[in-house]
Every structure is written in structure tokens, then in C-alpha cells.
file input23.csv (CSV, C-alpha atoms)
chain,number,residue,atom,x,y,z
A,1,MET,CA,-25.0,87.8,17.2
A,2,SER,CA,-21.4,88.8,16.7
A,3,THR,CA,-18.5,87.4,18.8
A,4,GLU,CA,-15.0,88.7,19.7
A,5,ARG,CA,-12.1,86.8,18.2
A,6,ASP,CA,-8.7,86.0,19.9
A,7,ASP,CA,-7.1,88.9,18.0
A,8,GLY,CA,-9.6,91.4,19.5
A,9,ARG,CA,-11.6,91.9,16.3
A,10,ILE,CA,-15.3,91.3,16.1
A,11,ALA,CA,-16.4,88.3,14.1
A,12,PRO,CA,-19.6,88.6,12.1
A,13,ALA,CA,-22.6,86.5,13.2
A,14,PRO,CA,-23.3,83.5,11.2
A,15,ALA,CA,-25.9,84.0,8.4
A,16,PHE,CA,-29.5,83.2,9.3
A,17,ASP,CA,-30.9,80.3,7.2
A,18,PRO,CA,-34.7,80.7,6.9
A,19,LEU,CA,-35.0,77.0,5.8
A,20,THR,CA,-33.2,75.4,8.7
A,21,ASP,CA,-32.8,77.9,11.6
A,22,PRO,CA,-35.7,78.4,14.1
A,23,LEU,CA,-37.5,81.7,13.9
A,24,PRO,CA,-36.5,84.4,16.4
A,25,ASP,CA,-38.8,84.6,19.4
A,26,VAL,CA,-40.3,87.9,18.3
A,27,LEU,CA,-41.7,86.2,15.1
A,28,THR,CA,-43.2,83.2,16.8
A,29,GLY,CA,-46.8,82.9,17.9
A,30,PRO,CA,-49.9,83.5,15.9
A,31,LEU,CA,-49.7,85.8,13.0
A,32,ILE,CA,-51.3,89.2,13.4
A,33,ASP,CA,-52.5,91.4,10.6
A,34,PRO,CA,-51.6,95.0,11.7
A,35,LEU,CA,-54.2,96.5,9.3
A,36,THR,CA,-57.2,94.6,10.7
A,37,ALA,CA,-56.3,93.4,14.2
A,38,PRO,CA,-57.4,95.4,17.2
A,39,LEU,CA,-54.8,97.5,18.8
A,40,SER,CA,-54.9,95.5,22.0
A,41,ASP,CA,-53.7,92.4,20.0
A,42,LEU,CA,-50.8,94.3,18.6
A,43,LEU,CA,-49.7,95.4,22.1
A,44,ALA,CA,-49.9,91.9,23.4
A,45,GLY,CA,-47.1,89.3,23.0
A,46,PRO,CA,-43.5,89.8,22.2
A,47,LEU,CA,-43.8,93.5,21.1
A,48,SER,CA,-45.5,94.6,24.2
A,49,GLY,CA,-42.3,95.3,26.1
A,50,ALA,CA,-40.9,97.6,23.4
A,51,LEU,CA,-44.1,99.5,22.9
A,52,SER,CA,-45.2,99.8,26.5
A,53,GLY,CA,-43.1,103.0,27.1
A,54,SER,CA,-44.7,105.0,24.4
A,55,LEU,CA,-48.2,103.5,24.3
A,56,ALA,CA,-48.9,103.0,28.0
A,57,GLY,CA,-52.2,104.0,29.3
A,58,PRO,CA,-55.8,103.6,28.1
A,59,LEU,CA,-56.3,103.0,24.5
A,60,ARG,CA,-57.6,106.0,22.4
A,61,ASP,CA,-59.2,106.0,19.0
A,62,PRO,CA,-57.5,108.9,17.2
A,63,LEU,CA,-60.5,109.3,14.8
A,64,CYS,CA,-63.1,109.5,17.5
A,65,ASP,CA,-61.6,110.6,20.8
A,66,PRO,CA,-61.1,114.3,21.3
A,67,PRO,CA,-57.5,115.5,21.2
A,68,ARG,CA,-55.8,116.4,24.5
A,69,TYR,CA,-54.8,120.1,23.9
A,70,PRO,CA,-51.8,121.4,25.9
A,71,PHE,CA,-53.8,124.6,26.7
A,72,ALA,CA,-57.0,123.0,27.7
A,73,GLY,CA,-57.0,124.7,31.1
A,74,PRO,CA,-56.9,123.3,34.6
A,75,ALA,CA,-57.0,119.6,35.1
A,76,GLY,CA,-60.6,118.3,35.1
A,77,ALA,CA,-61.9,121.5,33.4
A,78,ASP,CA,-64.5,120.9,30.7
A,79,ILE,CA,-63.8,123.0,27.6
A,80,ALA,CA,-67.4,122.8,26.5
A,81,ASP,CA,-68.4,124.8,29.5
A,82,THR,CA,-66.4,127.8,28.2
A,83,ILE,CA,-68.6,128.4,25.2
A,84,GLU,CA,-72.4,129.0,25.3
A,85,LEU,CA,-74.1,129.5,22.0
A,86,PRO,CA,-77.9,129.1,22.1
A,87,LEU,CA,-79.0,127.9,18.7
A,88,THR,CA,-82.0,130.0,17.7
A,89,ASP,CA,-84.1,129.2,14.6
A,90,GLY,CA,-82.3,132.0,12.8
A,91,LEU,CA,-78.9,130.6,13.6
A,92,ILE,CA,-80.0,127.2,12.5
A,93,ASP,CA,-81.2,128.6,9.2
A,94,PHE,CA,-77.9,130.4,8.7
A,95,PHE,CA,-75.7,127.4,9.4
A,96,ALA,CA,-77.9,125.0,7.3
A,97,HIS,CA,-77.6,127.3,4.3
A,98,GLU,CA,-73.9,127.6,4.8
A,99,ARG,CA,-73.5,123.9,4.8
A,100,GLN,CA,-75.5,123.7,1.6
A,101,GLY,CA,-73.4,126.4,0.0
A,102,VAL,CA,-76.5,128.6,-0.5
A,103,ALA,CA,-75.5,132.2,-1.2
A,104,GLY,CA,-77.5,135.3,-1.2
A,105,PRO,CA,-79.1,136.6,-4.4
A,106,PRO,CA,-76.9,137.6,-7.4
A,107,PRO,CA,-75.3,141.0,-6.9
A,108,GLY,CA,-76.9,144.0,-8.8
A,109,PRO,CA,-74.9,147.0,-10.0
A,110,ASP,CA,-71.7,147.3,-8.0
A,111,LEU,CA,-71.6,150.8,-6.5
A,112,LEU,CA,-69.7,149.7,-3.4
A,113,ASP,CA,-66.7,147.8,-4.8
A,114,GLY,CA,-67.7,144.3,-4.0
A,115,VAL,CA,-68.7,144.1,-0.4
A,116,ALA,CA,-69.3,140.4,-0.7
A,117,GLY,CA,-65.6,139.8,-1.6
A,118,TRP,CA,-64.0,141.9,1.2
A,119,GLY,CA,-63.3,138.8,3.2
A,120,ALA,CA,-62.6,138.2,6.9
A,121,VAL,CA,-60.2,140.3,9.0
A,122,GLY,CA,-58.8,139.6,12.4
A,123,THR,CA,-60.0,141.5,15.4
A,124,GLU,CA,-59.3,141.3,19.1
A,125,ALA,CA,-62.6,139.4,19.4
A,126,GLY,CA,-61.9,137.0,16.6
A,127,PRO,CA,-62.2,136.9,12.8
A,128,PHE,CA,-64.9,139.2,11.4
A,129,GLN,CA,-66.6,139.2,8.0
A,130,LEU,CA,-69.5,141.0,6.4
A,131,VAL,CA,-71.8,138.5,4.6
A,132,PRO,CA,-74.4,139.9,2.3
A,133,VAL,CA,-77.9,139.0,3.5
A,134,GLY,CA,-80.0,136.2,1.9
A,135,ILE,CA,-83.6,136.8,2.7
A,136,GLU,CA,-84.6,133.1,2.8
A,137,ARG,CA,-81.6,132.3,5.0
A,138,ASP,CA,-81.5,135.2,7.3
A,139,LEU,CA,-85.0,136.6,7.7
A,140,ARG,CA,-85.9,134.9,10.9
A,141,LEU,CA,-82.6,135.9,12.6
A,142,ILE,CA,-82.8,139.5,11.6
A,143,GLY,CA,-86.5,139.5,12.5
A,144,GLN,CA,-85.6,138.4,16.0
A,145,TRP,CA,-83.2,141.2,16.4
A,146,MET,CA,-85.5,143.9,15.0
A,147,ASN,CA,-88.2,142.9,17.4
A,148,ASP,CA,-86.0,143.4,20.4
A,149,PRO,CA,-87.5,146.6,22.0
A,150,ALA,CA,-84.1,148.2,22.4
A,151,VAL,CA,-83.5,147.8,18.7
A,152,ALA,CA,-87.1,148.6,17.6
A,153,ALA,CA,-86.9,152.0,19.4
A,154,PHE,CA,-84.4,153.3,16.8
A,155,TRP,CA,-84.9,151.1,13.7
A,156,GLY,CA,-88.7,151.0,13.6
A,157,LEU,CA,-88.9,147.6,11.9
A,158,SER,CA,-90.6,145.5,14.5
A,159,GLY,CA,-93.5,143.4,13.4
A,160,PRO,CA,-94.1,140.3,11.2
A,161,ASP,CA,-91.5,138.9,8.8
A,162,GLY,CA,-93.1,140.8,5.9
A,163,VAL,CA,-92.0,144.1,7.4
A,164,ILE,CA,-88.4,143.1,7.6
A,165,ALA,CA,-88.5,141.3,4.3
A,166,GLY,CA,-89.8,144.4,2.6
A,167,HIS,CA,-86.9,146.5,4.1
A,168,LEU,CA,-84.3,144.0,2.9
A,169,ARG,CA,-85.8,143.4,-0.5
A,170,ALA,CA,-85.8,147.2,-1.3
A,171,GLN,CA,-82.0,147.1,-0.9
A,172,LEU,CA,-81.4,143.7,-2.6
A,173,ASP,CA,-83.5,144.5,-5.6
A,174,GLY,CA,-82.4,148.2,-5.8
A,175,ASP,CA,-79.6,149.8,-7.8
A,176,GLY,CA,-76.8,148.6,-5.5
A,177,ARG,CA,-76.4,151.8,-3.5
A,178,SER,CA,-77.0,149.9,-0.2
A,179,VAL,CA,-75.9,146.3,0.8
A,180,PRO,CA,-77.5,144.7,3.9
A,181,CYS,CA,-75.1,142.3,5.6
A,182,LEU,CA,-74.7,140.1,8.6
A,183,GLY,CA,-71.7,140.7,10.7
A,184,VAL,CA,-70.2,137.2,11.4
A,185,LEU,CA,-67.7,137.1,14.3
A,186,GLY,CA,-65.8,133.9,14.9
A,187,GLY,CA,-68.2,132.1,12.5
A,188,VAL,CA,-71.3,133.2,14.3
A,189,PRO,CA,-73.7,135.9,12.9
A,190,MET,CA,-74.1,138.4,15.6
A,191,SER,CA,-74.8,141.8,14.1
A,192,TYR,CA,-76.6,143.5,11.2
A,193,TRP,CA,-75.0,146.1,8.9
A,194,GLU,CA,-76.0,148.3,6.0
A,195,VAL,CA,-73.1,149.7,3.9
A,196,TYR,CA,-74.5,152.4,1.6
A,197,ARG,CA,-73.5,155.2,-0.7
A,198,ALA,CA,-74.2,158.2,1.5
A,199,ASP,CA,-73.6,160.5,-1.5
A,200,LEU,CA,-76.5,158.8,-3.3
A,201,ASP,CA,-78.8,158.6,-0.3
A,202,PRO,CA,-81.4,161.1,0.7
A,203,ILE,CA,-79.2,162.1,3.6
A,204,ALA,CA,-76.8,163.7,1.1
A,205,ARG,CA,-79.4,166.6,1.0
A,206,HIS,CA,-78.9,167.2,4.7
A,207,TYR,CA,-75.1,167.6,5.0
A,208,PRO,CA,-72.3,168.7,2.8
A,209,SER,CA,-71.7,165.3,1.1
A,210,ARG,CA,-68.7,164.4,-1.1
A,211,PRO,CA,-68.5,161.9,-3.9
A,212,HIS,CA,-68.2,158.3,-2.7
A,213,ASP,CA,-69.0,159.1,0.9
A,214,THR,CA,-69.9,155.7,2.3
A,215,GLY,CA,-72.4,155.3,5.1
A,216,ILE,CA,-72.8,152.7,7.9
A,217,HIS,CA,-75.9,151.6,9.8
A,218,PHE,CA,-75.4,148.8,12.4
A,219,LEU,CA,-76.9,147.0,15.3
A,220,LEU,CA,-75.7,144.3,17.7
A,221,GLY,CA,-78.1,141.4,17.8
A,222,ASN,CA,-77.5,139.9,21.2
A,223,VAL,CA,-78.0,141.7,24.4
A,224,ALA,CA,-74.9,140.0,25.8
A,225,ASP,CA,-72.8,141.7,23.1
A,226,ARG,CA,-73.9,145.2,24.1
A,227,GLY,CA,-72.3,147.6,26.6
A,228,ARG,CA,-68.8,146.1,26.6
A,229,GLY,CA,-67.0,147.9,23.8
A,230,LEU,CA,-67.7,145.3,21.0
A,231,GLY,CA,-69.7,147.9,19.0
A,232,THR,CA,-66.8,150.3,19.0
A,233,LEU,CA,-64.4,147.5,18.0
A,234,LEU,CA,-66.5,146.3,15.1
A,235,LEU,CA,-67.5,149.8,13.9
A,236,ARG,CA,-63.8,150.7,13.6
A,237,THR,CA,-63.3,147.4,11.8
A,238,VAL,CA,-66.0,148.0,9.2
A,239,ALA,CA,-64.9,151.6,8.7
A,240,ASP,CA,-61.4,150.2,8.0
A,241,LEU,CA,-62.8,147.7,5.6
A,242,VAL,CA,-64.5,150.5,3.7
A,243,LEU,CA,-61.4,152.6,3.5
A,244,ASP,CA,-59.2,149.5,2.5
A,245,HIS,CA,-61.5,148.3,-0.3
A,246,ARG,CA,-63.0,151.6,-1.6
A,247,PRO,CA,-60.0,153.7,-2.6
A,248,SER,CA,-62.3,156.4,-4.0
A,249,CYS,CA,-64.0,156.9,-0.7
A,250,GLY,CA,-62.4,159.6,1.4
A,251,ARG,CA,-64.9,159.5,4.3
A,252,VAL,CA,-67.1,157.0,6.2
A,253,VAL,CA,-70.3,158.5,7.5
A,254,GLY,CA,-72.7,157.6,10.3
A,255,GLU,CA,-76.1,159.1,11.2
A,256,PRO,CA,-77.1,157.7,14.6
A,257,ASP,CA,-80.2,159.0,16.4
A,258,LEU,CA,-79.2,161.7,18.9
A,259,ARG,CA,-81.1,159.8,21.6
A,260,ASN,CA,-79.1,156.6,21.1
A,261,THR,CA,-76.3,157.4,23.5
A,262,PRO,CA,-74.5,153.9,23.2
A,263,SER,CA,-74.4,154.3,19.4
A,264,LEU,CA,-72.9,157.8,19.6
A,265,ALA,CA,-70.3,156.6,22.1
A,266,ALA,CA,-69.4,153.7,19.7
A,267,PHE,CA,-68.9,156.0,16.8
A,268,LEU,CA,-66.7,158.4,18.8
A,269,GLY,CA,-64.7,155.5,20.2
A,270,ALA,CA,-64.2,154.2,16.7
A,271,GLY,CA,-62.5,157.4,15.4
A,272,PHE,CA,-65.5,159.3,14.0
A,273,ARG,CA,-65.9,163.0,14.8
A,274,LEU,CA,-69.2,164.8,15.3
A,275,SER,CA,-69.7,167.0,12.2
A,276,GLY,CA,-73.1,168.4,13.1
A,277,GLU,CA,-76.8,167.6,13.8
A,278,VAL,CA,-79.5,167.3,11.1
A,279,GLN,CA,-83.2,166.8,11.2
A,280,LEU,CA,-84.2,163.8,9.1
A,281,PRO,CA,-87.8,162.7,8.4
A,282,ASP,CA,-87.7,160.0,11.1
A,283,LYS,CA,-85.2,161.3,13.6
A,284,ARG,CA,-82.8,164.0,14.8
A,285,ALA,CA,-79.4,162.6,13.9
A,286,ALA,CA,-75.8,163.3,14.6
A,287,VAL,CA,-73.6,163.3,11.5
A,288,MET,CA,-70.5,161.3,12.4
A,289,ILE,CA,-67.5,161.3,10.0
A,290,ARG,CA,-64.3,159.3,9.9
A,291,ASP,CA,-61.8,160.9,7.5
A,292,ARG,CA,-59.3,158.8,5.5
A,293,ALA,CA,-56.8,161.6,6.0
A,294,LEU,CA,-57.1,161.4,9.8
A,295,ARG,CA,-57.3,157.6,9.9
A,296,ALA,CA,-54.0,157.2,11.7
A,297,VAL,CA,-54.7,159.7,14.5
A,298,LEU,CA,-58.4,159.2,15.3

call {"tool": "encode", "arguments": {"input": "input23.csv", "output": "C-alpha cells"}}
result
Amino acid sequence: MSTERDDGRIAPAPAFDPLTDPLPDVLTGPLIDPLTAPLSDLLAGPLSGALSGSLAGPLRDPLCDPPRYPFAGPAGADIADTIELPLTDGLIDFFAHERQGVAGPPPGPDLLDGVAGWGAVGTEAGPFQLVPVGIERDLRLIGQWMNDPAVAAFWGLSGPDGVIAGHLRAQLDGDGRSVPCLGVLGGVPMSYWEVYRADLDPIARHYPSRPHDTGIHFLLGNVADRGRGLGTLLLRTVADLVLDHRPSCGRVVGEPDLRNTPSLAAFLGAGFRLSGEVQLPDKRAAVMIRDRALRAVL
């Protein structure tokens, strides 16, 4: 400790001799190893006064205790109550394969400019990505959706797993003109999509197709996701993905059943225009087109 001299100047404190001088109070007492001792021991004793201001309150383990988020909501609110995700067998299969890094089958001829590599994009509902289907991973989940009566009425694929597997395998083992995908929103698979070359599809015989016209089939898997504008949002998102990643494509095409009023509304809300009606072998369809040239205004 320094002292003031008669001339007003501060005199330096005498040097501390570790061989003869007693240890300062803060260093007396039992030795504590800070790497192994419990936190409670570190906070006890001479250091407790200096640390009490910043470490007051119950002890927390930063590796195990959940963080206290500044936007966690009202005091006493339980964040877990804000998310409800029932884990069906299909969802469990999907997440198990994701953890194991199991991908879908190797891609065939690439007629759609690498759908698997288009990546995730941000939407108002969260990040969205098209993930090509893997039959082993996704069959149960897609089967559950296809057996929903509201879906079966327009897709006609209800029944045992073999029915859905045959439909998926015809695309996965084909020439690459159609790619079946799961729509993954916020990390959760919640919709089924088929991105296909409309100009190479039988529908091309029923409307004035153009080279590289790209078609979209889709369904929302969960009842709770329907009827609130999510289909419109994601349909616009996928159409934008097609136009962004397929520079040779000038138009995105849809062919919803004329009886499927919610689907028609979703296409119109997503910037598609009604080009006409056609009679296909299994339905009377509306030909919906989204033009690249009109992308900014529709």
C-alpha cells in the first residue's frame, strides 16, 4: 500500500517478500482448484464478496440448463407450449434418416437442373426446401397423406404402401423428367411436390406447350396447414425456385382438377393465370400458367 510523503508525493509501497511476509487474506485458507472444484466452493470464502454482484442467484449449469431468452414471452410462460408437433411414424422415419445422413437414390438424367441442389429459401412461414423423396425414408409419411380422404379424392393413390411406392418408383427410376419431393418447412416435412417437365409429359398434347415448360403438382399433408393461405405462399415459393434455377424455363404450369376449388384459388393467388380447360384421361383440369415475363406483376 502506498503512502503520502511530507513533500506531497506518493511513496511506493514496500516490496512484498514471499519468503518472510504473511500471505494476503485473499490467498489464505484451503487451496481450491478452479478446474475441478464445485462452483459453490469457488463462491465461498474471500472471493464471495467480489463475485456476489455478478453471480448472485441460484446456480445454473450452462451446459445443461436452458438459456433465458430475452424474448421468451410473458413471465411464467412455457415456450414448449407454443409448438405442437405430433411425431407420426413417417416423421420419425424422416428424422432418423436425416440423422444418419441417408439420402435418396442417386439422381438419374438431370432434365430439371438439379432440384436436389436448389437449397432452402426464406418465406414468411420459415425456411422452405424441396428434398427429393427417398422411398425407404418417406413412404410411410407420404402414404399417410395419400390416404387422407380429402387428398385421395384428387390424387387417387389411397391404399397400401405398394400403391404409393409404385407411383414414386416410376418417377425415381424414370428418365428424370419428374422429381418427387417433400416440402420441408422449418425443418419439418409437411407437403408433397412433383416438379416435372410439362413439355415432355402427356399433358403437352392437351395444351400449346413450349420447350422447358415446368409443371408442379402439390398437396399439403396436414389438415391444420390447409385453408389459411399456406398453399398459396408455398406455391409461389416453388414457382420462384423453378424460375430462379431453370433459366431456360419461361413458364411454370399447373393442372389442378376443376373440382378442387382450394387448389385453383392457391394457383391464382400465387400469380398463375387461367389459360384454359382441358379434358385429361382422369380429370377435367384447369391449365394454370405463371409466365416469367409477368413474374413481377402477377

call {"tool": "atom_distance", "arguments": {"input": "input23.csv", "atom1": "atom CA of Leu243 of chain A", "atom2": "atom CA of Arg177 of chain A"}}
result
16.6 Å

call {"tool": "atom_distance", "arguments": {"input": "input23.csv", "atom1": "atom CA of Thr232 of chain A", "atom2": "atom CA of Gly269 of chain A"}}
result
5.7 Å

call {"tool": "residues_around", "arguments": {"input": "input23.csv", "residues": "Ala296 of chain A", "least_positions_apart": "6", "cutoff": "12 Å", "atoms": "all atoms listed in the file", "output": "list in words"}}
result
Arg236, Asp240, Leu243, Ala270, Gly271, Phe272 and Arg290 of chain A

call {"tool": "atom_distance", "arguments": {"input": "input23.csv", "atom1": "atom CA of Asp138 of chain A", "atom2": "atom CA of Thr88 of chain A"}}
result
11.6 Å

call {"tool": "closest_residue", "arguments": {"input": "input23.csv", "among": "A:Val278, A:Val151, A:Leu264, A:Leu130", "to": "Ala116 of chain A", "atoms": "all atoms listed in the file"}}
result
A:Leu130

call {"tool": "residues_around", "arguments": {"input": "input23.csv", "residues": "Pro262 of chain A", "least_positions_apart": "6", "cutoff": "10 Å", "atoms": "all atoms listed in the file", "output": "JSON, numbers by chain"}}
result
{"A": [226, 227, 229, 231, 232, 256]}

call {"tool": "closest_residue", "arguments": {"input": "input23.csv", "among": "A:Val242, A:Leu182, A:Leu112, A:Val188", "to": "Ile142 of chain A", "atoms": "all atoms listed in the file"}}
result
A:Leu182

call {"tool": "decode", "arguments": {"input": "input23.csv", "residues": "segment 182-262 of chain A", "atoms": "C-alpha atoms", "output": "mmCIF file, in the first residue's frame"}}
result
data_model
loop_
_atom_site.group_PDB
_atom_site.id
_atom_site.type_symbol
_atom_site.label_atom_id
_atom_site.label_comp_id
_atom_site.auth_asym_id
_atom_site.auth_seq_id
_atom_site.Cartn_x
_atom_site.Cartn_y
_atom_site.Cartn_z
ATOM 1 C CA LEU A 182 -41.026 -33.461 -49.759
ATOM 2 C CA GLY A 183 -41.625 -29.822 -48.926
ATOM 3 C CA VAL A 184 -39.737 -29.192 -45.681
ATOM 4 C CA LEU A 185 -40.823 -26.057 -43.815
ATOM 5 C CA GLY A 186 -38.837 -25.003 -40.770
ATOM 6 C CA GLY A 187 -37.159 -28.412 -40.702
ATOM 7 C CA VAL A 188 -40.450 -30.339 -40.776
ATOM 8 C CA PRO A 189 -41.709 -32.282 -43.836
ATOM 9 C CA MET A 190 -45.255 -31.016 -44.382
ATOM 10 C CA SER A 191 -46.096 -31.231 -48.092
ATOM 11 C CA TYR A 192 -45.540 -33.367 -51.179
ATOM 12 C CA TRP A 193 -44.453 -31.946 -54.560
ATOM 13 C CA GLU A 194 -43.756 -33.221 -58.042
ATOM 14 C CA VAL A 195 -41.657 -30.960 -60.245
ATOM 15 C CA TYR A 196 -41.841 -32.225 -63.817
ATOM 16 C CA ARG A 197 -41.105 -31.321 -67.417
ATOM 17 C CA ALA A 198 -44.562 -30.418 -68.707
ATOM 18 C CA ASP A 199 -43.238 -30.227 -72.265
ATOM 19 C CA LEU A 200 -42.180 -33.905 -72.011
ATOM 20 C CA ASP A 201 -45.322 -35.038 -70.187
ATOM 21 C CA PRO A 202 -48.520 -36.381 -71.801
ATOM 22 C CA ILE A 203 -50.224 -33.135 -70.830
ATOM 23 C CA ALA A 204 -48.175 -31.419 -73.541
ATOM 24 C CA ARG A 205 -50.593 -32.945 -76.063
ATOM 25 C CA HIS A 206 -53.505 -31.117 -74.444
ATOM 26 C CA TYR A 207 -52.302 -27.509 -74.401
ATOM 27 C CA PRO A 208 -49.947 -25.382 -76.535
ATOM 28 C CA SER A 209 -46.760 -26.299 -74.659
ATOM 29 C CA ARG A 210 -43.373 -24.654 -75.076
ATOM 30 C CA PRO A 211 -39.878 -26.107 -74.621
ATOM 31 C CA HIS A 212 -38.857 -26.387 -70.966
ATOM 32 C CA ASP A 213 -42.322 -25.668 -69.578
ATOM 33 C CA THR A 214 -42.069 -26.925 -65.978
ATOM 34 C CA GLY A 215 -45.073 -28.365 -64.153
ATOM 35 C CA ILE A 216 -45.976 -28.553 -60.477
ATOM 36 C CA HIS A 217 -48.199 -30.980 -58.573
ATOM 37 C CA PHE A 218 -48.537 -30.452 -54.819
ATOM 38 C CA LEU A 219 -50.501 -31.288 -51.686
ATOM 39 C CA LEU A 220 -50.406 -30.111 -48.085
ATOM 40 C CA GLY A 221 -50.084 -33.104 -45.792
ATOM 41 C CA ASN A 222 -51.591 -31.829 -42.552
ATOM 42 C CA VAL A 223 -55.170 -30.674 -42.202
ATOM 43 C CA ALA A 224 -54.039 -27.816 -39.937
ATOM 44 C CA ASP A 225 -51.933 -26.374 -42.794
ATOM 45 C CA ARG A 226 -54.887 -26.089 -45.162
ATOM 46 C CA GLY A 227 -57.261 -23.194 -45.631
ATOM 47 C CA ARG A 228 -55.007 -20.452 -44.241
ATOM 48 C CA GLY A 229 -53.018 -19.281 -47.251
ATOM 49 C CA LEU A 230 -50.005 -21.540 -46.765
ATOM 50 C CA GLY A 231 -50.611 -23.335 -50.066
ATOM 51 C CA THR A 232 -50.582 -20.011 -51.930
ATOM 52 C CA LEU A 233 -47.359 -18.941 -50.196
ATOM 53 C CA LEU A 234 -45.524 -22.188 -50.917
ATOM 54 C CA LEU A 235 -46.821 -22.494 -54.471
ATOM 55 C CA ARG A 236 -45.407 -19.055 -55.257
ATOM 56 C CA THR A 237 -42.173 -20.041 -53.492
ATOM 57 C CA VAL A 238 -41.736 -23.219 -55.551
ATOM 58 C CA ALA A 239 -42.619 -21.412 -58.798
ATOM 59 C CA ASP A 240 -39.944 -18.839 -57.954
ATOM 60 C CA LEU A 241 -37.458 -21.635 -57.259
ATOM 61 C CA VAL A 242 -38.165 -23.088 -60.703
ATOM 62 C CA LEU A 243 -37.695 -19.740 -62.448
ATOM 63 C CA ASP A 244 -34.559 -18.943 -60.426
ATOM 64 C CA HIS A 245 -32.839 -22.270 -61.083
ATOM 65 C CA ARG A 246 -34.121 -23.104 -64.574
ATOM 66 C CA PRO A 247 -33.077 -20.176 -66.781
ATOM 67 C CA SER A 248 -34.338 -21.998 -69.882
ATOM 68 C CA CYS A 249 -37.847 -22.260 -68.415
ATOM 69 C CA GLY A 250 -40.157 -19.434 -69.438
ATOM 70 C CA ARG A 251 -43.352 -20.745 -67.820
ATOM 71 C CA VAL A 252 -44.424 -22.727 -64.776
ATOM 72 C CA VAL A 253 -47.557 -24.824 -65.356
ATOM 73 C CA GLY A 254 -50.222 -26.326 -63.116
ATOM 74 C CA GLU A 255 -53.122 -28.638 -63.965
ATOM 75 C CA PRO A 256 -55.421 -28.774 -60.920
ATOM 76 C CA ASP A 257 -58.720 -30.598 -61.074
ATOM 77 C CA LEU A 258 -61.512 -28.115 -61.795
ATOM 78 C CA ARG A 259 -63.421 -29.536 -58.818
ATOM 79 C CA ASN A 260 -60.555 -28.696 -56.453
ATOM 80 C CA THR A 261 -61.561 -25.142 -55.576
ATOM 81 C CA PRO A 262 -58.886 -24.598 -52.852
#
